[in-house]
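Below is the file entry_12.tsv, which contains TSV, C-alpha atoms.
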```
chain	number	residue	atom	x	y	z
A	1	MET	CA	102.26	107.46	76.88
A	2	THR	CA	103.72	103.95	76.63
A	3	THR	CA	104.77	101.65	79.43
A	4	PRO	CA	106.35	98.16	79.45
A	5	THR	CA	102.93	96.61	80.02
A	6	VAL	CA	101.33	98.53	77.15
A	7	ASN	CA	104.18	97.47	74.85
A	8	ARG	CA	103.70	93.88	75.97
A	9	TRP	CA	99.99	94.00	75.25
A	10	GLN	CA	100.59	95.54	71.82
A	11	LEU	CA	103.11	92.82	70.94
A	12	ALA	CA	100.80	90.01	72.07
A	13	ARG	CA	97.84	91.44	70.15
A	14	THR	CA	99.95	91.87	67.01
A	15	LEU	CA	101.26	88.30	67.17
A	16	ARG	CA	97.70	87.00	67.49
A	17	GLU	CA	96.65	89.06	64.47
A	18	LEU	CA	99.62	87.81	62.44
A	19	ARG	CA	98.73	84.18	63.14
A	20	GLY	CA	95.30	84.73	61.64
A	21	ASP	CA	93.52	81.44	60.92
A	22	ARG	CA	96.61	79.28	61.32
A	23	PRO	CA	96.19	76.67	64.08
A	24	PRO	CA	98.63	77.17	67.00
A	25	ALA	CA	99.89	73.64	66.38
A	26	THR	CA	101.02	74.63	62.86
A	27	VAL	CA	103.03	77.56	64.21
A	28	ALA	CA	104.48	75.49	67.05
A	29	LYS	CA	105.60	72.77	64.63
A	30	ALA	CA	107.24	75.27	62.27
A	31	LEU	CA	109.17	76.90	65.11
A	32	LYS	CA	109.89	73.62	66.91
A	33	THR	CA	108.28	74.89	70.08
A	34	THR	CA	105.19	74.03	72.11
A	35	ILE	CA	101.58	75.03	71.51
A	36	SER	CA	101.48	76.50	75.02
A	37	SER	CA	104.40	78.80	74.13
A	38	VAL	CA	102.49	80.13	71.12
A	39	HIS	CA	99.48	80.79	73.33
A	40	ARG	CA	101.59	82.55	76.00
A	41	TRP	CA	103.18	84.83	73.38
A	42	GLU	CA	99.69	85.90	72.34
A	43	THR	CA	98.45	86.42	75.91
A	44	PRO	CA	98.91	90.06	77.02
A	45	GLY	CA	97.93	89.77	80.66
A	46	GLU	CA	98.69	87.43	83.52
A	47	GLY	CA	99.93	84.07	82.21
A	48	GLY	CA	101.47	85.58	79.10
A	49	ALA	CA	105.14	85.63	78.11
A	50	VAL	CA	107.33	87.79	75.89
A	51	PRO	CA	109.15	85.62	73.32
A	52	GLY	CA	112.94	85.65	73.26
A	53	PRO	CA	114.59	87.67	70.47
A	54	GLY	CA	115.56	84.58	68.46
A	55	ALA	CA	112.11	83.02	68.79
A	56	LEU	CA	110.44	86.28	67.77
A	57	GLU	CA	112.64	86.64	64.69
A	58	ARG	CA	111.83	83.08	63.58
A	59	LEU	CA	108.15	83.71	64.22
A	60	LEU	CA	108.15	86.90	62.16
A	61	ASP	CA	110.02	85.15	59.34
A	62	PHE	CA	107.37	82.41	59.39
A	63	TYR	CA	104.67	85.10	59.12
A	64	ALA	CA	106.61	86.77	56.27
A	65	VAL	CA	106.75	90.13	58.03
A	66	SER	CA	108.68	92.85	56.17
A	67	GLU	CA	112.06	93.97	57.45
A	68	GLU	CA	110.58	97.29	58.54
A	69	GLY	CA	107.74	95.54	60.38
A	70	LYS	CA	110.16	93.07	61.92
A	71	GLU	CA	112.37	95.84	63.35
A	72	ARG	CA	109.33	97.62	64.76
A	73	LEU	CA	108.17	94.47	66.57
A	74	LEU	CA	111.66	93.64	67.80
A	75	GLN	CA	111.88	97.15	69.27
A	76	LEU	CA	108.44	96.65	70.80
A	77	ARG	CA	109.79	93.47	72.40
A	78	ARG	CA	112.80	95.35	73.81
A	79	ASP	CA	110.50	98.02	75.24
A	80	ALA	CA	108.22	95.34	76.72
A	81	ARG	CA	111.17	93.83	78.58
A	82	LYS	CA	112.19	97.08	80.28
A	83	SER	CA	111.69	97.35	84.00
A	84	ALA	CA	108.60	99.28	85.09
A	85	TRP	CA	108.97	102.02	87.72
A	86	TRP	CA	107.11	99.87	90.25
A	87	SER	CA	109.45	96.86	89.81
A	88	PRO	CA	111.58	97.60	92.92
A	89	TYR	CA	108.48	97.62	95.11
A	90	HIS	CA	106.92	94.54	96.69
A	91	VAL	CA	103.66	94.66	94.72
A	92	ASP	CA	101.80	91.87	93.00
A	93	ARG	CA	102.73	91.57	89.31
A	94	SER	CA	99.14	91.81	88.11
A	95	TYR	CA	98.64	94.98	90.18
A	96	GLY	CA	101.81	96.41	88.67
A	97	MET	CA	100.48	95.64	85.20
A	98	PHE	CA	97.26	97.42	86.12
A	99	VAL	CA	99.23	100.47	87.26
A	100	ASP	CA	101.07	100.55	83.92
A	101	LEU	CA	97.87	100.27	81.88
A	102	GLU	CA	96.15	102.87	84.04
A	103	ALA	CA	99.02	105.30	83.44
A	104	ALA	CA	98.53	104.98	79.67
A	105	ALA	CA	94.72	105.05	79.69
A	106	THR	CA	92.66	107.82	78.09
A	107	SER	CA	89.50	106.81	79.95
A	108	ILE	CA	89.07	105.16	83.35
A	109	GLU	CA	85.66	104.02	84.60
A	110	SER	CA	85.75	102.70	88.15
A	111	TYR	CA	83.17	101.20	90.48
A	112	GLU	CA	83.98	100.71	94.17
A	113	ASN	CA	81.41	99.28	96.53
A	114	THR	CA	83.05	99.65	99.97
A	115	LEU	CA	86.29	101.58	99.43
A	116	VAL	CA	87.18	105.11	98.39
A	117	THR	CA	88.65	105.06	94.90
A	118	GLY	CA	92.45	104.80	94.89
A	119	HIS	CA	92.82	108.02	92.88
A	120	ALA	CA	91.38	110.05	95.74
A	121	GLN	CA	92.64	108.25	98.84
A	122	THR	CA	94.57	110.30	101.36
A	123	GLU	CA	97.87	108.86	102.55
A	124	GLU	CA	96.41	108.11	105.99
A	125	TYR	CA	93.33	106.38	104.56
A	126	ALA	CA	95.44	104.34	102.13
A	127	ARG	CA	97.80	103.26	104.91
A	128	ALA	CA	94.90	102.11	107.11
A	129	VAL	CA	93.33	100.08	104.28
A	130	ILE	CA	96.62	98.51	103.18
A	131	ARG	CA	97.64	97.65	106.74
A	132	ALA	CA	94.28	96.00	107.43
A	133	THR	CA	94.26	93.92	104.23
A	134	SER	CA	97.98	93.00	104.03
A	135	ILE	CA	97.77	90.00	106.34
A	136	ASP	CA	101.35	88.74	105.97
A	137	SER	CA	103.13	91.97	105.00
A	138	THR	CA	105.82	93.66	107.04
A	139	ASP	CA	105.57	97.32	108.02
A	140	ASP	CA	108.12	98.17	105.30
A	141	GLU	CA	106.06	96.35	102.66
A	142	VAL	CA	102.94	98.21	103.77
A	143	GLU	CA	104.78	101.51	103.41
A	144	GLU	CA	106.02	100.51	99.95
A	145	GLU	CA	102.46	99.84	98.80
A	146	VAL	CA	101.34	103.16	100.23
A	147	GLN	CA	104.05	104.90	98.20
A	148	VAL	CA	102.94	103.07	95.04
A	149	ARG	CA	99.38	104.26	95.67
A	150	LEU	CA	100.56	107.85	96.05
A	151	ALA	CA	102.75	107.57	92.95
A	152	ARG	CA	99.71	106.41	90.95
A	153	GLN	CA	97.85	109.53	92.02
A	154	GLN	CA	100.80	111.76	91.19
A	155	ALA	CA	101.16	110.19	87.73
A	156	TRP	CA	97.51	110.95	86.97
A	157	ARG	CA	97.75	114.53	88.26
A	158	GLU	CA	100.89	115.24	86.22
A	159	ARG	CA	99.61	113.63	83.02
A	160	HIS	CA	95.98	114.64	83.58
A	161	VAL	CA	94.82	113.04	80.32
A	162	ALA	CA	92.56	110.22	81.43
A	163	ARG	CA	88.97	111.09	82.23
A	164	LEU	CA	87.80	109.50	85.46
A	165	GLY	CA	84.25	108.24	85.76
A	166	ILE	CA	83.83	106.98	89.32
A	167	VAL	CA	80.84	105.44	91.05
A	168	MET	CA	81.25	104.62	94.75
A	169	GLY	CA	78.78	102.86	96.97
A	170	GLU	CA	77.59	104.85	99.98
A	171	ALA	CA	79.23	102.23	102.18
A	172	ALA	CA	82.60	103.61	101.02
A	173	ILE	CA	81.91	106.94	102.73
A	174	ARG	CA	80.06	105.55	105.77
A	175	GLN	CA	82.49	102.79	106.77
A	176	ARG	CA	85.01	104.49	109.05
A	177	VAL	CA	88.59	103.74	108.07
A	178	GLY	CA	91.24	104.90	110.53
A	179	SER	CA	90.34	107.51	113.13
A	180	ARG	CA	87.48	109.98	112.88
A	181	GLY	CA	90.02	112.59	111.83
A	182	VAL	CA	91.40	110.34	109.07
A	183	MET	CA	87.92	109.66	107.71
A	184	ARG	CA	86.86	113.30	107.93
A	185	GLY	CA	90.00	114.29	106.01
A	186	GLN	CA	89.23	111.64	103.42
A	187	LEU	CA	85.71	112.94	102.87
A	188	LYS	CA	86.98	116.50	102.48
A	189	ARG	CA	89.50	115.22	99.92
A	190	LEU	CA	86.66	113.59	97.97
A	191	ILE	CA	84.72	116.86	97.88
A	192	GLU	CA	87.79	118.66	96.54
A	193	PHE	CA	88.52	115.81	94.12
A	194	SER	CA	85.01	116.03	92.67
A	195	THR	CA	85.64	119.60	91.48
A	196	ASP	CA	88.33	118.51	89.01
A	197	PRO	CA	86.96	118.97	85.46
A	198	LYS	CA	88.42	115.59	84.47
A	199	VAL	CA	86.50	113.80	87.25
A	200	ASP	CA	82.88	112.66	87.32
A	201	LEU	CA	82.37	111.37	90.87
A	202	GLN	CA	79.01	109.89	91.87
A	203	ILE	CA	77.78	108.16	95.02
A	204	LEU	CA	75.36	105.24	94.76
A	205	PRO	CA	73.17	105.76	97.85
A	206	PHE	CA	71.81	103.00	100.06
A	207	ARG	CA	68.26	103.95	99.15
A	208	VAL	CA	68.75	102.70	95.59
A	209	GLY	CA	68.46	99.17	96.97
A	210	GLU	CA	69.36	96.32	94.62
A	211	HIS	CA	71.42	97.34	91.61
A	212	ALA	CA	73.30	95.91	88.61
A	213	ALA	CA	76.61	95.45	90.49
A	214	ILE	CA	75.25	94.23	93.80
A	215	HIS	CA	77.42	91.07	93.56
A	216	ALA	CA	80.62	92.97	92.68
A	217	SER	CA	83.08	94.53	95.11
A	218	GLY	CA	84.47	96.66	92.31
A	219	PHE	CA	85.94	96.79	88.82
A	220	VAL	CA	87.82	99.19	86.54
A	221	ILE	CA	87.33	99.63	82.79
A	222	LEU	CA	90.51	100.93	81.18
A	223	THR	CA	90.45	102.29	77.63
A	224	LEU	CA	93.65	103.12	75.77
A	225	GLY	CA	92.32	105.22	72.93
A	226	ASN	CA	95.47	105.49	70.83
A	227	ASP	CA	96.22	101.79	71.20
A	228	GLY	CA	92.74	100.55	70.38
A	229	PHE	CA	92.06	98.23	73.27
A	230	THR	CA	89.99	98.06	76.41
A	231	THR	CA	90.28	95.78	79.41
A	232	VAL	CA	88.38	95.24	82.64
A	233	TYR	CA	90.39	94.80	85.83
A	234	THR	CA	88.92	93.13	88.88
A	235	ALA	CA	90.80	92.47	92.12
A	236	SER	CA	90.28	90.86	95.49
A	237	GLN	CA	92.51	89.72	98.35
A	238	THR	CA	92.87	86.30	96.73
A	239	GLY	CA	93.70	87.37	93.18
A	240	SER	CA	92.99	89.63	90.23
A	241	LEU	CA	91.84	89.28	86.63
A	242	PHE	CA	92.13	91.13	83.35
A	243	LEU	CA	89.05	90.53	81.19
A	244	ASP	CA	89.61	91.16	77.49
A	245	ASP	CA	86.78	89.22	75.89
A	246	ARG	CA	84.42	91.55	74.02
A	247	ASN	CA	81.37	90.13	75.80
A	248	ASP	CA	82.96	90.73	79.22
A	249	ILE	CA	83.86	94.30	78.28
A	250	GLU	CA	80.39	95.07	76.93
A	251	MET	CA	78.73	93.54	79.99
A	252	HIS	CA	80.80	95.65	82.41
A	253	ALA	CA	80.23	98.78	80.31
A	254	THR	CA	76.47	98.15	80.50
A	255	ILE	CA	76.65	97.60	84.26
A	256	PHE	CA	78.65	100.79	84.74
A	257	ASN	CA	76.15	102.82	82.71
A	258	LYS	CA	73.31	101.45	84.84
A	259	LEU	CA	75.22	102.43	87.98
A	260	ARG	CA	75.75	105.96	86.69
A	261	ILE	CA	72.04	106.32	85.98
A	262	ALA	CA	71.14	105.07	89.47
A	263	ALA	CA	73.79	107.13	91.31
A	264	LEU	CA	73.49	110.69	92.57
A	265	GLY	CA	74.45	113.63	90.39
A	266	THR	CA	77.42	115.89	91.16
A	267	GLY	CA	75.60	118.34	93.45
A	268	ALA	CA	73.79	115.64	95.43
A	269	THR	CA	77.01	113.65	95.71
A	270	ARG	CA	78.86	116.60	97.26
A	271	ALA	CA	75.96	117.22	99.63
A	272	LEU	CA	76.06	113.61	100.82
A	273	LEU	CA	79.84	113.79	101.27
A	274	ALA	CA	79.46	116.96	103.34
A	275	GLU	CA	76.74	115.31	105.42
A	276	ALA	CA	78.94	112.27	106.08
A	277	ALA	CA	81.84	114.51	107.09
A	278	SER	CA	79.57	116.49	109.42
A	279	ASP	CA	78.38	113.25	111.05
A	280	LEU	CA	81.98	112.58	112.07
```

Could you show the structure in this file as structure tokens?
Amino acid sequence: MTTPTVNRWQLARTLRELRGDRPPATVAKALKTTISSVHRWETPGEGGAVPGPGALERLLDFYAVSEEGKERLLQLRRDARKSAWWSPYHVDRSYGMFVDLEAAATSIESYENTLVTGHAQTEEYARAVIRATSIDSTDDEVEEEVQVRLARQQAWRERHVARLGIVMGEAAIRQRVGSRGVMRGQLKRLIEFSTDPKVDLQILPFRVGEHAAIHASGFVILTLGNDGFTTVYTASQTGSLFLDDRNDIEMHATIFNKLRIAALGTGATRALLAEAASDL
């Protein structure tokens, strides 16, 4: 599956590869543009930019790309400029990019410290979380974000390609969100969710004590197998980041593996979820 964001990332990565060892200043001088423009064209995430058709053609001529290769990259540019399905909604651009990448991923590894993973949130739970954290949003904007959350879940269920490895802190199932009924329904949803063969859901219990991600509120490792790249997405109420540096990716992969080792297995996870539901 391709999305505008995936096409954008592919184009940026290809342009960086084509530049090779040439200094950005050399390319900028040849195209009569700025060094910052060259950098933005090669940046796939937040802060990047898709070059205009004329600029891209001149760039590909400078790199001596074949006519066949040039047409492929120009088509990739056209696809990258298409509107994503989430564009009409009032969602942050970086979050929208994450949604696009997630939809194309073949593997998703997610750690959440205090919240139920978005893939398994009930509508009522999602609405309570979004309403509480959307300080300046209107009721309509809250509802739009709820619908985006539900659409993400539906996209995964319909495509059902990406494997989900999820580790959630015990706080996520103990902190009551919404009414007792809302939270009880959420816990029952998690138990059902954990039976999906594509899902590996684990709870990191309080008794583990200090652990490798004790400073982190959460992160997601997205791997797009057919496209050959991996990124780490982190988000908070003040902003979000895509981490593409190999060292950052390897560090988060190591942390996630440590969390999986420390967390409960499938059977013990379901038992703890049932216990938490019973307590309500």

Quiz item: Could you list as a PyMOL selection string every residue that has an atom within 7 Å of (84.1, 108.4, 85.5), using the file's coordinates and counting all atoms listed in the file?
Solution: chain A and resi 108-110+163-166+199-201

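Remark: residues at most 10 Å from position (96.6, 89.2, 94.3) in file coordinates are Val91, Asp92, Arg93, Ser94, Tyr95, Ala235, Ser236, Gln237, Thr238, Gly239, Ser240 and Leu241 of chain A, using all atoms listed in the file.
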
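Proximity to Leu56 (chain A) was assessed for A:Leu31, A:Ala216, A:Ala80, A:Leu222 counting all atoms listed in the file; the smallest distance is recorded for A:Leu31.
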
Exercise. Have a look at A:Thr106, A:Ser83, A:Gln175, A:Gln153 and name the one nearest to Gly225 (chain A); count only C-alpha atoms.
Key: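 Nearest candidate to Gly225 (chain A) out of A:Thr106, A:Ser83, A:Gln175, A:Gln153: A:Thr106.
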
Exercise. Could you please determine the separation between CA of His215 (chain A) and CA of Glu170 (chain A) in Å, to one decimal place?
Key: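 Distance reported for this atom pair: 15.2 Å.
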
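Among A:Val177, A:Leu115, A:Ile221, A:Ala276, the residue with the shortest atom-to-atom distance to Ile255 (chain A), counting only C-alpha atoms, is A:Ile221.
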
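For the pair CA of Gln202 (chain A) and CA of Phe219 (chain A), the separation is 15.1 Å.
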
Exercise. Point out the residue among A:Glu192, A:Val220, A:Val146, A:Glu210 with the least atom-to-atom distance to Ser134 (chain A), counting all atoms listed in the file.
Key: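 So, comparing all the options, the nearest one is A:Val146.
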
Taking only residues of region 146-229 of chain A that have an atom at most 9 Å from an atom of region 260-273 of chain A, what is each one's shortest atom pair and its distance in Å to one decimal, using all atoms listed in the file, in chain and number order, as a Markdown table?
```
| residue | atom | partner | partner_atom | distance |
| --- | --- | --- | --- | --- |
| A:Gly165 | CA | A:Arg260 | CA | 8.8 |
| A:Ile166 | CA | A:Arg260 | CA | 8.6 |
| A:Val167 | CA | A:Arg260 | CA | 6.7 |
| A:Met168 | CA | A:Ala263 | CA | 8.6 |
| A:Gly169 | CA | A:Ala263 | CA | 8.7 |
| A:Glu170 | CA | A:Leu272 | CA | 8.9 |
| A:Ile173 | CA | A:Leu273 | CA | 7.3 |
| A:Leu187 | CA | A:Leu273 | CA | 6.1 |
| A:Lys188 | CA | A:Leu273 | CA | 7.7 |
| A:Leu190 | CA | A:Leu273 | CA | 7.6 |
| A:Ile191 | CA | A:Arg270 | CA | 5.9 |
| A:Ser194 | CA | A:Arg270 | CA | 7.7 |
| A:Asp200 | CA | A:Thr266 | CA | 7.4 |
| A:Leu201 | CA | A:Thr266 | CA | 6.7 |
| A:Gln202 | CA | A:Leu264 | CA | 5.6 |
| A:Ile203 | CA | A:Ala263 | CA | 5.5 |
| A:Leu204 | CA | A:Ala263 | CA | 4.2 |
| A:Pro205 | CA | A:Ala263 | CA | 6.7 |
| A:Val208 | CA | A:Ala262 | CA | 7.0 |
| A:His211 | CA | A:Ala262 | CA | 8.0 |
```

Self-check item: Using all atoms listed in the file: which of A:Arg16, A:Lys29, A:Arg72, A:Arg77 has the shortest distance to Gly52 (chain A)
Solution: A:Arg77

Self-check item: Distance query Leu11 (chain A) at most 9 Å, all atoms listed in the file, self and fewer than 5 positions along chain excluded, as a list in words
Solution: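 The contact residues come out as Val6, Arg16, Trp41, Glu42, Pro44, Val50, Leu73, Leu76, Arg77 and Ala80 of chain A.
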
Quiz prompt | d(CA of Gly20 (chain A), CA of Ser107 (chain A)) in Å | solution = 29.3 Å

Quiz item: Could you pull the residues within 10 Å of Glu123 (chain A), counting all atoms listed in the file, minus those fewer than 6 positions along the same chain, as number ranges by chain?
Solution: A: 146-147, 149-150, 182, 186

Practice problem: Return the single residue from A:Arg180, A:Lys82, A:Arg58, A:Arg22 that is closest to Tyr125 (chain A), with distances computed using all atoms listed in the file. | Solution: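 Result for the nearest residue to Tyr125 (chain A): A:Arg180.
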
Self-check item: Selection: 7 Å around Ile35 (chain A), all atoms listed in the file, excl. self and same-chain fewer than 6 positions, as a list in words
Solution: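 In the requested format, the answer is Pro24, Ala25 and Ala28 of chain A.
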